[in-house]
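Engineer: File name work.txt; file contents compact mmCIF, C-alpha atoms and all ligand atoms; full text below.
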```txt
# COMPACT_ATOMS: atom_id res chain seq x y z
CA MET A 1 0.00 0.00 0.00
CA THR A 2 1.61 3.22 -1.00
CA SER A 3 -0.66 5.33 1.18
CA GLY A 4 1.57 4.66 4.17
CA LEU A 5 4.60 6.20 2.50
CA THR A 6 5.95 9.41 3.87
CA LYS A 7 6.88 11.50 0.86
CA ILE A 8 10.28 13.11 1.11
CA THR A 9 10.45 16.43 -0.63
CA ALA A 10 13.14 19.05 -1.06
CA PRO A 11 12.32 22.76 -0.67
CA PRO A 12 10.61 24.07 -3.82
CA ALA A 13 12.86 25.33 -6.59
CA THR A 14 12.37 28.87 -7.84
CA ASP A 15 10.74 29.24 -11.25
CA THR A 16 14.00 30.26 -12.91
CA ASP A 17 15.60 27.01 -11.77
CA VAL A 18 12.85 24.86 -13.26
CA VAL A 19 13.38 23.29 -16.68
CA ALA A 20 10.47 20.87 -16.61
CA SER A 21 7.64 20.07 -14.30
CA MET A 22 4.64 17.86 -13.81
CA ARG A 23 1.65 18.97 -11.79
CA GLY A 24 -1.06 16.52 -10.81
CA ILE A 25 -0.29 14.23 -13.74
CA THR A 26 -2.24 11.04 -14.16
CA LYS A 27 -1.83 8.61 -17.01
CA THR A 28 -4.08 5.65 -17.56
CA TYR A 29 -3.74 2.94 -20.17
CA GLY A 30 -7.14 1.26 -20.24
CA ASP A 31 -7.61 0.07 -16.68
CA VAL A 32 -3.91 0.53 -15.75
CA ASP A 33 -3.08 3.59 -13.66
CA ALA A 34 0.48 4.16 -14.83
CA LEU A 35 0.80 7.54 -13.04
CA SER A 36 -1.36 8.98 -10.25
CA ASP A 37 -1.17 12.63 -9.23
CA VAL A 38 2.51 13.04 -10.07
CA THR A 39 4.01 16.41 -9.21
CA PHE A 40 7.70 17.36 -9.34
CA HIS A 41 10.18 19.80 -10.85
CA ILE A 42 13.32 19.12 -12.85
CA GLU A 43 15.93 21.72 -12.02
CA ARG A 44 18.28 23.42 -14.44
CA ASN A 45 21.80 22.06 -14.82
CA LYS A 46 21.47 19.15 -12.46
CA ILE A 47 21.76 15.40 -12.98
CA HIS A 48 18.54 13.78 -11.78
CA GLY A 49 18.07 10.11 -11.06
CA LEU A 50 14.62 8.72 -11.83
CA LEU A 51 14.54 5.52 -9.83
CA GLY A 52 11.95 2.87 -9.17
CA ARG A 53 10.99 -0.73 -9.64
CA ASN A 54 9.92 -2.32 -12.93
CA GLY A 55 6.59 -0.90 -14.06
CA ALA A 56 6.75 1.98 -11.56
CA GLY A 57 6.11 4.59 -14.26
CA LYS A 58 9.57 5.94 -15.15
CA THR A 59 9.28 5.52 -18.92
CA THR A 60 5.77 6.97 -18.85
CA ILE A 61 7.08 10.09 -17.09
CA MET A 62 9.89 10.48 -19.61
CA SER A 63 7.56 9.88 -22.54
CA ILE A 64 5.21 12.64 -21.38
CA LEU A 65 8.08 15.07 -20.80
CA THR A 66 9.40 14.40 -24.30
CA GLY A 67 6.03 14.71 -26.03
CA GLN A 68 5.89 11.02 -26.95
CA ALA A 69 2.80 10.44 -24.81
CA ILE A 70 0.05 12.67 -23.57
CA GLN A 71 -1.18 12.63 -20.01
CA THR A 72 -4.75 11.75 -19.09
CA ASP A 73 -4.94 14.63 -16.64
CA GLY A 74 -2.70 17.29 -15.13
CA GLU A 75 -0.11 19.65 -16.59
CA ALA A 76 3.36 18.93 -17.94
CA THR A 77 5.64 21.77 -18.95
CA VAL A 78 9.11 21.78 -20.45
CA PHE A 79 10.87 25.12 -20.85
CA GLY A 80 7.59 26.68 -19.78
CA GLU A 81 5.43 25.10 -22.50
CA SER A 82 3.53 21.87 -23.09
CA PRO A 83 5.95 19.47 -24.83
CA PHE A 84 3.30 17.58 -26.81
CA GLU A 85 3.68 18.22 -30.55
CA ASN A 86 5.72 21.32 -29.70
CA ALA A 87 8.75 21.55 -31.99
CA ASN A 88 9.83 24.72 -30.24
CA VAL A 89 10.36 22.75 -27.03
CA LEU A 90 11.48 19.44 -28.49
CA ARG A 91 14.43 20.89 -30.39
CA ASP A 92 16.10 21.36 -27.01
CA VAL A 93 15.24 17.89 -25.74
CA CYS A 94 16.98 14.58 -26.42
CA PHE A 95 15.43 11.28 -25.25
CA VAL A 96 17.57 8.16 -25.41
CA LYS A 97 15.76 4.95 -24.62
CA GLU A 98 16.83 1.36 -24.57
CA SER A 99 14.20 0.38 -27.10
CA GLN A 100 15.38 3.05 -29.56
CA THR A 101 15.17 1.83 -33.14
CA TYR A 102 17.12 3.15 -36.09
CA PRO A 103 16.53 2.42 -39.76
CA ASP A 104 18.20 -0.97 -40.14
CA ASP A 105 19.93 -0.24 -43.40
CA LEU A 106 21.74 2.84 -42.15
CA CYS A 107 25.28 2.38 -40.97
CA VAL A 108 26.60 3.99 -37.79
CA GLY A 109 28.20 6.89 -39.67
CA HIS A 110 24.91 7.64 -41.45
CA VAL A 111 23.01 7.68 -38.16
CA LEU A 112 25.40 10.28 -36.83
CA THR A 113 25.13 12.33 -40.02
CA ALA A 114 21.33 12.26 -39.72
CA ALA A 115 21.63 13.26 -36.05
CA SER A 116 23.86 16.18 -36.99
CA HIS A 117 21.11 17.50 -39.28
CA LEU A 118 18.28 16.93 -36.84
CA ILE A 119 19.77 17.87 -33.50
CA GLU A 120 20.18 21.54 -32.74
CA HIS A 121 23.20 21.48 -30.41
CA TRP A 122 24.97 18.50 -31.99
CA ASP A 123 28.74 18.30 -31.45
CA ALA A 124 30.16 16.24 -34.31
CA ALA A 125 33.71 16.12 -32.95
CA PHE A 126 32.47 14.81 -29.61
CA ALA A 127 30.36 12.19 -31.42
CA GLU A 128 33.43 11.01 -33.34
CA GLN A 129 35.42 10.80 -30.14
CA LEU A 130 32.67 8.73 -28.52
CA LEU A 131 32.59 6.34 -31.48
CA ASP A 132 36.30 5.75 -30.91
CA ASP A 133 35.83 5.41 -27.15
CA PHE A 134 33.08 2.81 -27.55
CA GLU A 135 34.90 1.19 -30.50
CA LEU A 136 31.83 1.50 -32.69
CA PRO A 137 32.54 0.62 -36.34
CA ARG A 138 31.38 3.56 -38.47
CA ARG A 139 30.59 1.48 -41.51
CA ARG A 140 28.67 -1.29 -39.82
CA ARG A 141 24.93 -1.38 -40.49
CA VAL A 142 22.75 -0.80 -37.47
CA LYS A 143 21.04 -4.18 -37.93
CA LYS A 144 24.43 -5.89 -37.58
CA LEU A 145 25.30 -4.18 -34.31
CA SER A 146 25.29 -6.19 -31.11
CA ARG A 147 22.86 -5.14 -28.37
CA GLY A 148 25.64 -3.44 -26.43
CA MET A 149 26.81 -1.61 -29.57
CA ARG A 150 23.27 -0.30 -30.13
CA SER A 151 23.20 0.95 -26.57
CA ALA A 152 26.57 2.61 -27.11
CA LEU A 153 25.19 4.29 -30.23
CA GLY A 154 22.23 5.62 -28.22
CA VAL A 155 24.52 6.88 -25.49
CA THR A 156 26.74 8.54 -28.12
CA ILE A 157 23.74 10.36 -29.57
CA GLY A 158 22.50 11.40 -26.13
CA LEU A 159 25.86 12.80 -25.07
CA ALA A 160 26.78 14.46 -28.39
CA SER A 161 23.32 16.04 -28.63
CA ARG A 162 24.31 18.43 -25.85
CA ALA A 163 20.57 19.00 -25.53
CA PRO A 164 19.67 21.42 -22.71
CA LEU A 165 17.37 18.65 -21.43
CA THR A 166 18.70 15.13 -22.02
CA LEU A 167 16.84 12.07 -20.78
CA PHE A 168 18.39 8.61 -20.69
CA ASP A 169 15.94 5.76 -20.06
CA GLU A 170 18.02 2.81 -18.86
CA PRO A 171 20.63 3.49 -21.53
CA TYR A 172 23.07 0.92 -20.24
CA LEU A 173 21.19 -2.29 -21.10
CA GLY A 174 23.59 -4.48 -22.98
CA LEU A 175 26.61 -2.34 -22.12
CA ASP A 176 29.31 -4.24 -20.28
CA ALA A 177 30.76 -2.87 -17.03
CA VAL A 178 33.68 -1.16 -18.81
CA ALA A 179 31.40 0.55 -21.33
CA ARG A 180 29.00 1.64 -18.57
CA GLN A 181 31.85 3.21 -16.66
CA LEU A 182 32.97 4.93 -19.85
CA PHE A 183 29.47 6.35 -20.23
CA TYR A 184 29.43 7.64 -16.65
CA ASP A 185 32.92 9.15 -17.03
CA ARG A 186 32.13 10.87 -20.33
CA LEU A 187 28.78 12.12 -19.02
CA LEU A 188 30.35 13.64 -15.94
CA ALA A 189 33.31 15.21 -17.77
CA ASP A 190 31.14 16.67 -20.53
CA TYR A 191 28.51 17.85 -18.07
CA ALA A 192 31.21 19.72 -16.14
CA GLU A 193 32.27 21.52 -19.33
CA HIS A 194 28.79 21.97 -20.77
CA PRO A 195 26.31 22.09 -17.90
CA ARG A 196 22.85 20.91 -18.87
CA THR A 197 19.90 19.15 -17.34
CA VAL A 198 20.07 15.37 -17.34
CA VAL A 199 17.48 12.81 -16.26
CA LEU A 200 18.75 9.27 -15.93
CA SER A 201 16.48 6.33 -15.21
CA THR A 202 18.30 3.29 -13.96
CA HIS A 203 18.13 0.21 -11.80
CA LEU A 204 21.89 0.25 -11.22
CA ILE A 205 21.63 2.72 -8.37
CA ASP A 206 24.98 1.97 -6.75
CA GLU A 207 26.76 2.58 -10.04
CA VAL A 208 25.28 6.02 -10.58
CA ALA A 209 24.89 7.11 -6.95
CA ASN A 210 27.85 9.47 -7.12
CA LEU A 211 26.66 11.05 -10.37
CA LEU A 212 23.26 12.06 -9.10
CA GLU A 213 22.51 15.46 -7.63
CA HIS A 214 18.78 15.03 -7.24
CA VAL A 215 16.74 11.88 -6.82
CA LEU A 216 13.15 11.13 -7.73
CA VAL A 217 11.79 7.76 -6.72
CA VAL A 218 8.59 6.62 -8.36
CA ASP A 219 6.64 3.76 -6.84
CA ARG A 220 3.47 2.36 -8.41
CA GLY A 221 2.87 5.54 -10.34
CA ARG A 222 3.49 7.94 -7.47
CA ILE A 223 6.51 10.03 -6.54
CA VAL A 224 7.61 8.87 -3.09
CA VAL A 225 11.00 10.59 -2.84
CA ASP A 226 11.99 13.96 -4.35
CA ASP A 227 15.13 15.31 -2.73
CA ASP A 228 18.79 16.21 -3.12
CA ALA A 229 21.04 13.16 -3.31
CA ASP A 230 23.29 14.55 -0.57
CA THR A 231 20.35 14.90 1.77
CA LEU A 232 19.20 11.36 1.01
CA ARG A 233 22.68 9.97 1.61
CA GLN A 234 22.37 11.31 5.14
CA SER A 235 18.78 10.21 5.63
CA ALA A 236 19.23 6.68 6.86
CA VAL A 237 21.68 4.39 8.60
CA VAL A 238 22.08 0.65 8.67
CA VAL A 239 22.48 -0.66 12.19
CA THR A 240 23.64 -4.19 12.97
CA GLY A 241 24.12 -5.83 16.34
CA PRO A 242 22.46 -7.65 19.21
CA THR A 243 18.70 -7.29 18.82
CA ALA A 244 18.12 -5.49 22.12
CA ALA A 245 20.84 -2.92 21.37
CA VAL A 246 19.56 -2.36 17.82
CA GLU A 247 16.00 -1.94 19.05
CA GLY A 248 17.24 0.53 21.67
CA PHE A 249 18.94 2.58 18.96
CA ALA A 250 15.90 2.26 16.68
CA ALA A 251 13.93 4.44 19.06
CA ASN A 252 15.83 7.35 17.42
CA GLY A 253 13.99 7.13 14.10
CA ALA A 254 11.55 5.38 11.84
CA VAL A 255 12.49 1.80 11.01
CA LEU A 256 12.40 1.36 7.25
CA HIS A 257 13.34 -2.30 7.38
CA ARG A 258 14.55 -4.88 9.87
CA GLU A 259 15.66 -8.45 9.64
CA THR A 260 16.65 -10.70 12.52
CA LEU A 261 18.75 -13.83 12.41
CA GLY A 262 19.13 -15.54 15.76
CA THR A 263 20.10 -12.87 18.27
CA THR A 264 21.38 -10.39 15.67
CA THR A 265 19.27 -7.72 14.01
CA ARG A 266 20.05 -5.55 11.01
CA ALA A 267 17.81 -2.51 10.65
CA THR A 268 17.64 0.42 8.26
CA ILE A 269 16.59 3.48 10.21
CA ARG A 270 15.65 6.87 8.88
CA THR A 271 17.47 9.62 10.73
CA ALA A 272 16.43 13.22 11.16
CA GLY A 273 19.60 14.79 9.73
CA PRO A 274 23.28 14.29 9.03
CA ASP A 275 24.22 13.68 12.65
CA VAL A 276 23.95 10.05 13.69
CA PRO A 277 22.14 9.88 17.05
CA ASP A 278 24.10 8.72 20.08
CA HIS A 279 25.12 5.14 19.40
CA SER A 280 27.58 4.59 22.23
CA ARG A 281 25.40 1.91 23.86
CA LEU A 282 25.00 0.08 20.60
CA VAL A 283 28.76 0.12 19.96
CA ALA A 284 29.47 -0.95 23.53
CA ALA A 285 27.18 -3.93 22.90
CA GLY A 286 29.22 -4.85 19.81
CA GLY A 287 26.92 -3.21 17.23
CA THR A 288 27.82 -1.05 14.22
CA VAL A 289 26.26 1.93 12.45
CA GLU A 290 26.92 2.68 8.78
CA PRO A 291 25.38 5.21 6.40
CA ALA A 292 22.74 3.57 4.20
CA SER A 293 23.70 3.59 0.53
CA LEU A 294 21.36 5.32 -1.91
CA GLN A 295 20.42 1.88 -3.22
CA GLU A 296 19.57 0.61 0.26
CA PHE A 297 17.52 3.73 0.88
CA VAL A 298 15.59 3.39 -2.39
CA ILE A 299 14.96 -0.34 -1.90
CA ARG A 300 13.64 0.29 1.58
CA THR A 301 11.44 3.16 0.42
CA THR A 302 9.64 1.36 -2.39
CA SER A 303 7.01 -1.34 -2.37
CA LEU A 304 7.52 -5.00 -1.80
CA PRO A 305 6.73 -7.14 -4.84
CA HIS A 306 3.48 -8.98 -4.25
CA ASP A 307 2.03 -8.46 -0.83
CA GLY A 308 0.78 -4.94 -1.26
CA THR A 309 2.80 -3.58 1.64
CA SER A 310 5.79 -1.29 1.63
CA HIS A 311 8.79 -1.08 3.87
CA THR A 312 7.96 2.46 4.87
CA SER A 313 4.38 1.55 5.67
CA GLN A 314 5.87 -0.63 8.37
CA GLU A 315 7.65 2.35 9.86
CA SER A 316 7.54 2.37 13.59
CA LYS A 317 9.11 4.26 16.41
CA SER A 318 9.59 0.98 18.20
N1 LIG B 1 1.22 1.31 -23.89
C1 LIG B 1 0.84 0.79 -22.72
N2 LIG B 1 -0.34 0.12 -22.61
C2 LIG B 1 -0.74 -0.40 -21.43
N3 LIG B 1 -0.03 -0.31 -20.28
C3 LIG B 1 1.14 0.36 -20.34
C4 LIG B 1 1.64 0.92 -21.55
N4 LIG B 1 2.82 1.53 -21.28
C5 LIG B 1 3.07 1.32 -19.97
N5 LIG B 1 2.06 0.63 -19.40
C6 LIG B 1 1.94 0.24 -18.00
O1 LIG B 1 2.16 1.39 -17.21
C7 LIG B 1 2.94 1.06 -16.06
C8 LIG B 1 4.20 1.89 -16.03
O2 LIG B 1 5.03 1.48 -17.09
P1 LIG B 1 6.45 2.17 -17.38
O3 LIG B 1 6.98 1.58 -18.65
O4 LIG B 1 6.31 3.63 -17.31
O5 LIG B 1 7.31 1.66 -16.13
P2 LIG B 1 8.90 1.73 -15.88
O6 LIG B 1 9.07 2.28 -14.51
O7 LIG B 1 9.58 2.45 -16.98
O8 LIG B 1 9.28 0.19 -15.89
P3 LIG B 1 10.68 -0.54 -16.28
O9 LIG B 1 11.68 -0.17 -15.24
O10 LIG B 1 10.30 -1.99 -16.22
O11 LIG B 1 11.05 -0.09 -17.67
C9 LIG B 1 3.18 -0.44 -16.11
O12 LIG B 1 2.17 -1.08 -15.36
C10 LIG B 1 3.01 -0.75 -17.58
O13 LIG B 1 2.58 -2.09 -17.79
```
Can you turn what I pasted into structure tokens?
Ligand SMILES: Nc1ncnc2c1ncn2[C@@H]1O[C@H](COP(=O)(O)OP(=O)(O)OP(=O)(O)O)[C@@H](O)[C@H]1O

Structural biologist:
Amino acid sequence: MTSGLTKITAPPATDTDVVASMRGITKTYGDVDALSDVTFHIERNKIHGLLGRNGAGKTTIMSILTGQAIQTDGEATVFGESPFENANVLRDVCFVKESQTYPDDLCVGHVLTAASHLIEHWDAAFAEQLLDDFELPRRRRVKKLSRGMRSALGVTIGLASRAPLTLFDEPYLGLDAVARQLFYDRLLADYAEHPRTVVLSTHLIDEVANLLEHVLVVDRGRIVVDDDADTLRQSAVVVTGPTAAVEGFAANGAVLHRETLGTTTRATIRTAGPDVPDHSRLVAAGGTVEPASLQEFVIRTTSLPHDGTSHTSQESKS
């Protein structure tokens, strides 16, 4: 049940900081509620993570922001206007998705040439450099590319587009670990030189945790976390130790998750701020306190698979 979730929200951005926003967006596909009352802002020149379980609604959000789908209700704006069928807006937007298709008979070089004609801020030299980095053969036809090579081509287009708003929807599928790291490195380096607004949807949270400046977590069509990554990194701790000592410490905050094996308990506890509450008793009892990783935090904040409950709905001040 998502109703028990406590939504975490950063202070509102000022209008000049906002590149895109959704207000009260719902999207239904037949009897499927893909999005329900979704409201958030995307801030200028920040890298945003759009995180959530399979089917949570990430692609639907990105599709509405890029004019590829229209909401059932609510208002979506990008650069202050509705993105749907709005060439004025979409020329400054690049959307790279895993399922991207290209005309099969084009070769890699032709795809880049077409991109250079179609994409307003295209940087051809950067695209060439990325082809070398990813070892993409310029003359190979798209239909002959491996899955990872197709992903690398999508990533190349997304990065070289230098679009003021660039959205990557799970762009890494098929990329091996080395190529994914290359993508993260190139994204970060180019973003530092050419600041722009990036939205990255991914399941590989640990891999991108250090890239993200702002995090949106969507769960069953609702935004359940909307906050700065730094704040979230300080929002929870993982406590392990003798059950009585852990439960004593747990009185300091909401328990997002706990598991007990024998006499030992491991609990993820939301804390009020960056300072870890007094844990001297816990340590004296042989327990430990570590910051929760962003991945741990997101996993513990989103719904369990089949039983209709969520970790946060079990929150207690035990
Ligand atoms: N064209 C469609 N017709 C019917 N249902 C759809 C359609 N597109 C999406 N949905 C449904 O809407 C919900 C959200 O889907 P969406 O693709 O946005 O999720 P997601 O978070 O991107 O998932 P994943 O991480 O698996 O890609 C899912 O229940 C999905 O089945």

Engineer: To one decimal in Å, tell me the separation between CA of Thr113 (chain A) and CA of Ala69 (chain A).

Structural biologist: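 Value for the CA of Thr113 (chain A)-CA of Ala69 (chain A) distance: 27.1 Å.
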
Engineer: Any chance you could work out the axis-aligned box around region 291-303 of chain A, listed atoms only, 4 Å on each side, giving centre and edge lengths in Å to one decimal, as lines of an AutoDock Vina configuration file?

Structural biologist:
```
center_x = 16.2
center_y = 2.0
center_z = 1.6
size_x = 26.4
size_y = 14.7
size_z = 17.6
```

Engineer: List as a ChimeraX atom specification the protein and nucleic acid residues lying within 9 Å of ligand LIG 1 (chain B), with all atoms listed in the file counted.

Structural biologist: /A:27-35,50-63,169-170,201-203,218-221

Engineer: Using only C-alpha atoms, which of the listed residues (A:Ala267, A:Val93, A:Leu159, A:Val238) sits closest to Asp123 (chain A)?

Structural biologist: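 Closest candidate: A:Leu159.
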
Engineer: Using only C-alpha atoms, pick whichever of A:Val298, A:Ile70, A:Val89, A:Ala254 has the shortest atom-to-atom distance to Glu120 (chain A).

Structural biologist: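 Smallest separation from Glu120 (chain A) among the options: A:Val89.
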
Engineer: What is the CA of Gly286 (chain A) to CA of Thr271 (chain A) distance in Å?

Structural biologist: 20.7 Å

Engineer: Of the candidates A:Glu193, A:Glu85, A:Ala114, A:Leu188, which shows the shortest atom-to-atom distance to Leu212 (chain A), using only C-alpha atoms?

Structural biologist: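 Closest to Leu212 (chain A), using only C-alpha atoms: A:Leu188.
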
Engineer: Measuring between all atoms listed in the file, which one of A:Val78, A:Ile205, A:Ile269, A:Phe84 shows the shortest distance to Arg300 (chain A)?

Structural biologist: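 Checking each of A:Val78, A:Ile205, A:Ile269, A:Phe84 against Arg300 (chain A), counting all atoms listed in the file, the winner is A:Ile269.
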
Engineer: If we count only C-alpha atoms, what is near Asp37 (chain A) at a cut-off of 7 Å, once residues fewer than 6 positions away on the same chain are taken out, given as a ChimeraX atom specification?

Structural biologist: /A:24-26,222

Engineer: Have a look at A:Ser146, A:Thr156, A:Asp105, A:Gln181 and name the one nearest to Ala125 (chain A); count all atoms listed in the file.

Structural biologist: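 That would be A:Thr156, the residue with the smallest distance to Ala125 (chain A).
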